[in-house]
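Student: If you scroll down you'll find the structure; I have some questions about it.
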Amino acid sequence: VQLQASGGGLVQAGGSLRPSCAASGRTFSRNTMGWFRQAPGKERDFVAGIRWNNSKYTDSVKGRFTISKDNAKNTVYLQMNALKPEDTAVYYCAERTRETMPIWSELSEERSYDLWGQGTQVTVSS
């Protein structure tokens, strides 16, 4: 039971990337999924979350990032457009595996998630 993240990389400012996170050995169609990021020397912060078909974003990425799920592939994506140098970080996917659904405010909290991927590096050059 694990989450495998991939799709990070190096891109110039204004470019796009689409990290993905695949869940092996199970289906997660009902599970809430999230993306967090940790920049060097900083704490890990919420980026985006999706509960059923409803998504939530931190203010700094609204209009630029889109979280989505492909339940047939057990994969969650983070489409990142108009990237900025301040988006540089290790990006982590997370899954809530407990049966209870989180309330809306809990989507942005690390404690709401039970399983974490290994992280994928995103570097945006100016």
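By order of appearance in the structure tokens: chains A, B, ..., then residues from 1 within every chain, and ligands from 1 in the order shown.
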Quick one: everything within 12 Å of Gln79 of chain A, counting only C-alpha atoms, minus sequence neighbours fewer than 3 positions away in the same chain. Send it as a PDB file with N, CA, C and O atoms, in the first residue's frame.

Tutor:
```pdb
ATOM      1  N   GLY A   7       6.833  13.093 -11.959  1.00  0.00           N
ATOM      2  CA  GLY A   7       6.428  14.174 -12.837  1.00  0.00           C
ATOM      3  C   GLY A   7       6.960  15.544 -12.470  1.00  0.00           C
ATOM      4  O   GLY A   7       6.609  16.533 -13.096  1.00  0.00           O
ATOM      5  N   GLY A   8       7.812  15.614 -11.453  1.00  0.00           N
ATOM      6  CA  GLY A   8       8.458  16.883 -11.155  1.00  0.00           C
ATOM      7  C   GLY A   8       9.543  17.160 -12.179  1.00  0.00           C
ATOM      8  O   GLY A   8       9.698  16.423 -13.154  1.00  0.00           O
ATOM      9  N   GLY A  15       6.374  28.366 -17.290  1.00  0.00           N
ATOM     10  CA  GLY A  15       6.140  27.057 -17.864  1.00  0.00           C
ATOM     11  C   GLY A  15       5.146  26.223 -17.069  1.00  0.00           C
ATOM     12  O   GLY A  15       4.535  26.717 -16.100  1.00  0.00           O
ATOM     13  N   SER A  16       5.003  24.954 -17.465  1.00  0.00           N
ATOM     14  CA  SER A  16       4.019  24.062 -16.850  1.00  0.00           C
ATOM     15  C   SER A  16       4.638  22.715 -16.511  1.00  0.00           C
ATOM     16  O   SER A  16       5.589  22.269 -17.165  1.00  0.00           O
ATOM     17  N   LEU A  17       4.080  22.088 -15.501  1.00  0.00           N
ATOM     18  CA  LEU A  17       4.414  20.721 -15.131  1.00  0.00           C
ATOM     19  C   LEU A  17       3.141  20.050 -14.630  1.00  0.00           C
ATOM     20  O   LEU A  17       2.210  20.734 -14.178  1.00  0.00           O
ATOM     21  N   ARG A  18       3.129  18.727 -14.674  1.00  0.00           N
ATOM     22  CA  ARG A  18       1.985  17.995 -14.158  1.00  0.00           C
ATOM     23  C   ARG A  18       2.446  16.782 -13.351  1.00  0.00           C
ATOM     24  O   ARG A  18       2.493  15.659 -13.849  1.00  0.00           O
ATOM     25  N   PRO A  19       2.804  17.002 -12.092  1.00  0.00           N
ATOM     26  CA  PRO A  19       3.134  15.853 -11.247  1.00  0.00           C
ATOM     27  C   PRO A  19       1.922  14.937 -11.088  1.00  0.00           C
ATOM     28  O   PRO A  19       0.771  15.383 -11.142  1.00  0.00           O
ATOM     29  N   SER A  20       2.208  13.654 -10.901  1.00  0.00           N
ATOM     30  CA  SER A  20       1.141  12.699 -10.675  1.00  0.00           C
ATOM     31  C   SER A  20       1.499  11.819  -9.489  1.00  0.00           C
ATOM     32  O   SER A  20       2.658  11.738  -9.071  1.00  0.00           O
ATOM     33  N   CYS A  21       0.483  11.153  -8.969  1.00  0.00           N
ATOM     34  CA  CYS A  21       0.670  10.304  -7.803  1.00  0.00           C
ATOM     35  C   CYS A  21      -0.234   9.095  -7.971  1.00  0.00           C
ATOM     36  O   CYS A  21      -1.463   9.246  -8.038  1.00  0.00           O
ATOM     37  N   TRP A  35      -2.296  17.640  -2.169  1.00  0.00           N
ATOM     38  CA  TRP A  35      -0.911  17.952  -2.520  1.00  0.00           C
ATOM     39  C   TRP A  35      -0.402  19.007  -1.544  1.00  0.00           C
ATOM     40  O   TRP A  35      -1.089  20.001  -1.272  1.00  0.00           O
ATOM     41  N   VAL A  47      -1.202  22.765  -0.673  1.00  0.00           N
ATOM     42  CA  VAL A  47      -1.304  23.347  -2.011  1.00  0.00           C
ATOM     43  C   VAL A  47      -2.725  23.176  -2.558  1.00  0.00           C
ATOM     44  O   VAL A  47      -3.377  24.135  -2.958  1.00  0.00           O
ATOM     45  N   ALA A  48      -3.195  21.915  -2.579  1.00  0.00           N
ATOM     46  CA  ALA A  48      -4.513  21.636  -3.152  1.00  0.00           C
ATOM     47  C   ALA A  48      -5.057  20.342  -2.568  1.00  0.00           C
ATOM     48  O   ALA A  48      -4.303  19.469  -2.168  1.00  0.00           O
ATOM     49  N   VAL A  61      -1.898  29.712  -5.436  1.00  0.00           N
ATOM     50  CA  VAL A  61      -1.918  28.900  -6.663  1.00  0.00           C
ATOM     51  C   VAL A  61      -3.268  28.937  -7.374  1.00  0.00           C
ATOM     52  O   VAL A  61      -3.408  28.345  -8.446  1.00  0.00           O
ATOM     53  N   LYS A  62      -4.248  29.604  -6.802  1.00  0.00           N
ATOM     54  CA  LYS A  62      -5.570  29.673  -7.420  1.00  0.00           C
ATOM     55  C   LYS A  62      -5.471  30.283  -8.813  1.00  0.00           C
ATOM     56  O   LYS A  62      -4.819  31.293  -9.027  1.00  0.00           O
ATOM     57  N   GLY A  63      -6.132  29.639  -9.768  1.00  0.00           N
ATOM     58  CA  GLY A  63      -6.097  30.111 -11.142  1.00  0.00           C
ATOM     59  C   GLY A  63      -4.916  29.595 -11.939  1.00  0.00           C
ATOM     60  O   GLY A  63      -4.884  29.753 -13.165  1.00  0.00           O
ATOM     61  N   ARG A  64      -3.945  28.985 -11.268  1.00  0.00           N
ATOM     62  CA  ARG A  64      -2.755  28.460 -11.953  1.00  0.00           C
ATOM     63  C   ARG A  64      -2.652  26.943 -11.847  1.00  0.00           C
ATOM     64  O   ARG A  64      -2.174  26.294 -12.766  1.00  0.00           O
ATOM     65  N   PHE A  65      -3.049  26.398 -10.704  1.00  0.00           N
ATOM     66  CA  PHE A  65      -2.936  24.956 -10.468  1.00  0.00           C
ATOM     67  C   PHE A  65      -4.323  24.313 -10.486  1.00  0.00           C
ATOM     68  O   PHE A  65      -5.316  24.931 -10.060  1.00  0.00           O
ATOM     69  N   THR A  66      -4.365  23.056 -10.927  1.00  0.00           N
ATOM     70  CA  THR A  66      -5.614  22.293 -10.922  1.00  0.00           C
ATOM     71  C   THR A  66      -5.335  20.883 -10.432  1.00  0.00           C
ATOM     72  O   THR A  66      -4.472  20.191 -10.992  1.00  0.00           O
ATOM     73  N   ILE A  67      -6.061  20.453  -9.425  1.00  0.00           N
ATOM     74  CA  ILE A  67      -5.958  19.082  -8.940  1.00  0.00           C
ATOM     75  C   ILE A  67      -7.072  18.257  -9.569  1.00  0.00           C
ATOM     76  O   ILE A  67      -8.201  18.736  -9.725  1.00  0.00           O
ATOM     77  N   SER A  68      -6.742  17.036  -9.954  1.00  0.00           N
ATOM     78  CA  SER A  68      -7.743  16.161 -10.553  1.00  0.00           C
ATOM     79  C   SER A  68      -7.426  14.712 -10.232  1.00  0.00           C
ATOM     80  O   SER A  68      -6.297  14.376  -9.872  1.00  0.00           O
ATOM     81  N   LYS A  69      -8.435  13.876 -10.358  1.00  0.00           N
ATOM     82  CA  LYS A  69      -8.278  12.445 -10.108  1.00  0.00           C
ATOM     83  C   LYS A  69      -8.723  11.651 -11.314  1.00  0.00           C
ATOM     84  O   LYS A  69      -9.721  11.988 -11.946  1.00  0.00           O
ATOM     85  N   VAL A  76      -3.800  10.678  -8.999  1.00  0.00           N
ATOM     86  CA  VAL A  76      -4.172  12.077  -8.798  1.00  0.00           C
ATOM     87  C   VAL A  76      -3.096  12.943  -9.453  1.00  0.00           C
ATOM     88  O   VAL A  76      -1.911  12.602  -9.422  1.00  0.00           O
ATOM     89  N   ALA A  82       1.772  28.508 -15.466  1.00  0.00           N
ATOM     90  CA  ALA A  82       2.293  29.827 -15.097  1.00  0.00           C
ATOM     91  C   ALA A  82       3.173  29.742 -13.861  1.00  0.00           C
ATOM     92  O   ALA A  82       3.024  30.518 -12.904  1.00  0.00           O
ATOM     93  N   LEU A  83       4.084  28.793 -13.871  1.00  0.00           N
ATOM     94  CA  LEU A  83       4.918  28.551 -12.695  1.00  0.00           C
ATOM     95  C   LEU A  83       5.825  29.736 -12.391  1.00  0.00           C
ATOM     96  O   LEU A  83       6.302  30.430 -13.302  1.00  0.00           O
TER      97      LEU A  83
END
```

Student: Return as a Markdown table the residues of segment 43-73 of chain A lying at most 10 Å from segment 100-121 of chain A, together with the closest atom-to-atom pair for each and the distance in Å to one decimal, counting only C-alpha atoms, with rows in chain order and ascending residue number.

Tutor:
```
| residue | atom | partner | partner_atom | distance |
| --- | --- | --- | --- | --- |
| A:Arg44 | CA | A:Glu110 | CA | 8.7 |
| A:Asp45 | CA | A:Ser108 | CA | 8.3 |
| A:Phe46 | CA | A:Ser108 | CA | 5.4 |
| A:Val47 | CA | A:Ser108 | CA | 7.7 |
| A:Ala48 | CA | A:Ser108 | CA | 7.4 |
| A:Gly49 | CA | A:Leu107 | CA | 5.9 |
| A:Ile50 | CA | A:Leu107 | CA | 7.7 |
| A:Arg51 | CA | A:Leu107 | CA | 8.0 |
| A:Trp52 | CA | A:Met101 | CA | 9.6 |
| A:Asn54 | CA | A:Trp104 | CA | 9.5 |
| A:Ser55 | CA | A:Leu107 | CA | 9.1 |
| A:Lys56 | CA | A:Leu107 | CA | 7.5 |
| A:Tyr57 | CA | A:Ser108 | CA | 8.3 |
| A:Thr58 | CA | A:Ser108 | CA | 8.2 |
```

Student: Using only N, CA, C and O atoms, please write the residues we just selected to a file, as a PDB file, in the first residue's frame.

Tutor:
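Result file follows (again04.pdb):
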```
ATOM      1  N   ARG A  44       6.222  22.338   5.615  1.00  0.00           N
ATOM      2  CA  ARG A  44       5.396  21.815   4.540  1.00  0.00           C
ATOM      3  C   ARG A  44       4.026  22.503   4.576  1.00  0.00           C
ATOM      4  O   ARG A  44       3.408  22.589   5.639  1.00  0.00           O
ATOM      5  N   ASP A  45       3.577  22.956   3.420  1.00  0.00           N
ATOM      6  CA  ASP A  45       2.327  23.717   3.316  1.00  0.00           C
ATOM      7  C   ASP A  45       1.350  23.062   2.356  1.00  0.00           C
ATOM      8  O   ASP A  45       1.737  22.395   1.393  1.00  0.00           O
ATOM      9  N   PHE A  46       0.093  23.307   2.600  1.00  0.00           N
ATOM     10  CA  PHE A  46      -0.981  22.813   1.743  1.00  0.00           C
ATOM     11  C   PHE A  46      -0.953  23.537   0.400  1.00  0.00           C
ATOM     12  O   PHE A  46      -0.742  24.750   0.329  1.00  0.00           O
ATOM     13  N   VAL A  47      -1.202  22.765  -0.673  1.00  0.00           N
ATOM     14  CA  VAL A  47      -1.304  23.347  -2.011  1.00  0.00           C
ATOM     15  C   VAL A  47      -2.725  23.176  -2.558  1.00  0.00           C
ATOM     16  O   VAL A  47      -3.377  24.135  -2.958  1.00  0.00           O
ATOM     17  N   ALA A  48      -3.195  21.915  -2.579  1.00  0.00           N
ATOM     18  CA  ALA A  48      -4.513  21.636  -3.152  1.00  0.00           C
ATOM     19  C   ALA A  48      -5.057  20.342  -2.568  1.00  0.00           C
ATOM     20  O   ALA A  48      -4.303  19.469  -2.168  1.00  0.00           O
ATOM     21  N   GLY A  49      -6.379  20.243  -2.546  1.00  0.00           N
ATOM     22  CA  GLY A  49      -7.036  19.027  -2.086  1.00  0.00           C
ATOM     23  C   GLY A  49      -8.306  18.797  -2.878  1.00  0.00           C
ATOM     24  O   GLY A  49      -8.908  19.744  -3.397  1.00  0.00           O
ATOM     25  N   ILE A  50      -8.708  17.519  -2.973  1.00  0.00           N
ATOM     26  CA  ILE A  50      -9.924  17.190  -3.694  1.00  0.00           C
ATOM     27  C   ILE A  50     -10.714  16.172  -2.897  1.00  0.00           C
ATOM     28  O   ILE A  50     -10.189  15.128  -2.487  1.00  0.00           O
ATOM     29  N   ARG A  51     -11.961  16.490  -2.657  1.00  0.00           N
ATOM     30  CA  ARG A  51     -12.889  15.629  -1.922  1.00  0.00           C
ATOM     31  C   ARG A  51     -14.075  15.386  -2.835  1.00  0.00           C
ATOM     32  O   ARG A  51     -14.795  16.307  -3.164  1.00  0.00           O
ATOM     33  N   TRP A  52     -14.253  14.117  -3.249  1.00  0.00           N
ATOM     34  CA  TRP A  52     -15.185  13.786  -4.315  1.00  0.00           C
ATOM     35  C   TRP A  52     -14.809  14.635  -5.535  1.00  0.00           C
ATOM     36  O   TRP A  52     -13.697  14.541  -6.016  1.00  0.00           O
ATOM     37  N   ASN A  54     -14.988  18.042  -5.550  1.00  0.00           N
ATOM     38  CA  ASN A  54     -14.789  19.409  -5.077  1.00  0.00           C
ATOM     39  C   ASN A  54     -13.331  19.626  -4.711  1.00  0.00           C
ATOM     40  O   ASN A  54     -12.728  18.814  -4.016  1.00  0.00           O
ATOM     41  N   SER A  55     -12.760  20.713  -5.182  1.00  0.00           N
ATOM     42  CA  SER A  55     -11.351  20.981  -4.957  1.00  0.00           C
ATOM     43  C   SER A  55     -11.145  22.287  -4.196  1.00  0.00           C
ATOM     44  O   SER A  55     -11.979  23.192  -4.242  1.00  0.00           O
ATOM     45  N   LYS A  56     -10.018  22.340  -3.520  1.00  0.00           N
ATOM     46  CA  LYS A  56      -9.655  23.487  -2.694  1.00  0.00           C
ATOM     47  C   LYS A  56      -8.203  23.820  -2.934  1.00  0.00           C
ATOM     48  O   LYS A  56      -7.397  22.902  -3.123  1.00  0.00           O
ATOM     49  N   TYR A  57      -7.863  25.118  -2.948  1.00  0.00           N
ATOM     50  CA  TYR A  57      -6.503  25.549  -3.247  1.00  0.00           C
ATOM     51  C   TYR A  57      -6.042  26.608  -2.256  1.00  0.00           C
ATOM     52  O   TYR A  57      -6.843  27.405  -1.751  1.00  0.00           O
ATOM     53  N   THR A  58      -4.739  26.634  -2.027  1.00  0.00           N
ATOM     54  CA  THR A  58      -4.186  27.744  -1.292  1.00  0.00           C
ATOM     55  C   THR A  58      -4.210  28.965  -2.210  1.00  0.00           C
ATOM     56  O   THR A  58      -4.162  28.846  -3.446  1.00  0.00           O
TER      57      THR A  58
END
```

Student: Would you mind reading off the distance between atom CA of Asp59 of chain A and atom CA of Gln38 of chain A, one decimal, in Å?

Tutor: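 It comes out at 16.0 Å.
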
Student: Find the residue from A:Leu3, A:Lys73, A:Asn81, A:Val90 that sits nearest to Glu43 of chain A; use only C-alpha atoms when measuring.

Tutor: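 Among A:Leu3, A:Lys73, A:Asn81, A:Val90, it is A:Val90 that comes nearest to Glu43 of chain A.
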
Student: Between atom CA of Arg98 of chain A and atom CA of Ser60 of chain A, what distance in Å does the model show, to one decimal?

Tutor: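 Separation between atom CA of Arg98 of chain A and atom CA of Ser60 of chain A: 28.8 Å.
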
Student: For the atom pair atom CA of Ala89 of chain A and atom CA of Met33 of chain A, what is the interatomic distance in Å to one decimal place?

Tutor: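 About the pair atom CA of Ala89 of chain A and atom CA of Met33 of chain A: they are 18.8 Å apart.
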
Student: Could you write out, as a PDB file with C-alpha atoms, in the first residue's frame, all the residues of chain A that DSSP marks as strand (DSSP E)?

Tutor:
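To be explicit, this is the file written out as states.pdb:
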```
ATOM      1  CA  GLN A   2       1.813   3.108  -1.172  1.00  0.00           C
ATOM      2  CA  LEU A   3       1.685   6.319  -3.136  1.00  0.00           C
ATOM      3  CA  GLN A   4       4.214   6.822  -5.904  1.00  0.00           C
ATOM      4  CA  ALA A   5       4.794  10.413  -6.997  1.00  0.00           C
ATOM      5  CA  SER A   6       6.444  11.431 -10.249  1.00  0.00           C
ATOM      6  CA  GLY A   9      11.366  18.553 -12.883  1.00  0.00           C
ATOM      7  CA  LEU A  10      13.085  21.777 -13.875  1.00  0.00           C
ATOM      8  CA  VAL A  11      11.150  24.399 -15.804  1.00  0.00           C
ATOM      9  CA  GLN A  12      11.501  28.081 -16.605  1.00  0.00           C
ATOM     10  CA  SER A  20       1.141  12.699 -10.675  1.00  0.00           C
ATOM     11  CA  CYS A  21       0.670  10.304  -7.803  1.00  0.00           C
ATOM     12  CA  ALA A  22      -0.395   6.698  -8.272  1.00  0.00           C
ATOM     13  CA  ALA A  23      -1.895   4.492  -5.614  1.00  0.00           C
ATOM     14  CA  SER A  24      -0.911   0.849  -5.863  1.00  0.00           C
ATOM     15  CA  MET A  33      -6.445  13.425  -1.909  1.00  0.00           C
ATOM     16  CA  GLY A  34      -4.122  16.336  -1.365  1.00  0.00           C
ATOM     17  CA  TRP A  35      -0.911  17.952  -2.520  1.00  0.00           C
ATOM     18  CA  PHE A  36       1.478  19.709  -0.175  1.00  0.00           C
ATOM     19  CA  ARG A  37       4.860  21.294  -0.776  1.00  0.00           C
ATOM     20  CA  GLN A  38       7.971  22.058   1.202  1.00  0.00           C
ATOM     21  CA  ARG A  44       5.396  21.815   4.540  1.00  0.00           C
ATOM     22  CA  ASP A  45       2.327  23.717   3.316  1.00  0.00           C
ATOM     23  CA  PHE A  46      -0.981  22.813   1.743  1.00  0.00           C
ATOM     24  CA  VAL A  47      -1.304  23.347  -2.011  1.00  0.00           C
ATOM     25  CA  ALA A  48      -4.513  21.636  -3.152  1.00  0.00           C
ATOM     26  CA  GLY A  49      -7.036  19.027  -2.086  1.00  0.00           C
ATOM     27  CA  ILE A  50      -9.924  17.190  -3.694  1.00  0.00           C
ATOM     28  CA  ARG A  51     -12.889  15.629  -1.922  1.00  0.00           C
ATOM     29  CA  ASN A  54     -14.789  19.409  -5.077  1.00  0.00           C
ATOM     30  CA  SER A  55     -11.351  20.981  -4.957  1.00  0.00           C
ATOM     31  CA  LYS A  56      -9.655  23.487  -2.694  1.00  0.00           C
ATOM     32  CA  TYR A  57      -6.503  25.549  -3.247  1.00  0.00           C
ATOM     33  CA  PHE A  65      -2.936  24.956 -10.468  1.00  0.00           C
ATOM     34  CA  THR A  66      -5.614  22.293 -10.922  1.00  0.00           C
ATOM     35  CA  ILE A  67      -5.958  19.082  -8.940  1.00  0.00           C
ATOM     36  CA  SER A  68      -7.743  16.161 -10.553  1.00  0.00           C
ATOM     37  CA  LYS A  69      -8.278  12.445 -10.108  1.00  0.00           C
ATOM     38  CA  ASP A  70      -8.426   9.612 -12.603  1.00  0.00           C
ATOM     39  CA  THR A  75      -3.955   8.479  -9.975  1.00  0.00           C
ATOM     40  CA  VAL A  76      -4.172  12.077  -8.798  1.00  0.00           C
ATOM     41  CA  TYR A  77      -2.625  14.920 -10.788  1.00  0.00           C
ATOM     42  CA  LEU A  78      -1.566  18.469 -10.108  1.00  0.00           C
ATOM     43  CA  GLN A  79      -1.558  20.534 -13.294  1.00  0.00           C
ATOM     44  CA  MET A  80       0.703  23.511 -12.643  1.00  0.00           C
ATOM     45  CA  ALA A  89       9.676  22.944  -3.604  1.00  0.00           C
ATOM     46  CA  VAL A  90       9.361  19.235  -3.024  1.00  0.00           C
ATOM     47  CA  TYR A  91       5.759  18.327  -3.752  1.00  0.00           C
ATOM     48  CA  TYR A  92       4.077  15.575  -1.726  1.00  0.00           C
ATOM     49  CA  CYS A  93       0.826  13.811  -2.456  1.00  0.00           C
ATOM     50  CA  ALA A  94      -1.306  12.544   0.381  1.00  0.00           C
ATOM     51  CA  GLU A  95      -4.323  10.324   0.780  1.00  0.00           C
ATOM     52  CA  LEU A 115      -0.704   8.078   3.669  1.00  0.00           C
ATOM     53  CA  TRP A 116       2.053  10.119   2.019  1.00  0.00           C
ATOM     54  CA  THR A 120       8.874  14.951  -6.222  1.00  0.00           C
ATOM     55  CA  GLN A 121      11.127  17.963  -6.784  1.00  0.00           C
ATOM     56  CA  VAL A 122       9.822  20.934  -8.746  1.00  0.00           C
ATOM     57  CA  THR A 123      12.328  23.655  -9.603  1.00  0.00           C
ATOM     58  CA  VAL A 124      11.326  26.840 -11.397  1.00  0.00           C
ATOM     59  CA  SER A 125      14.122  29.008 -12.756  1.00  0.00           C
TER      60      SER A 125
END
```
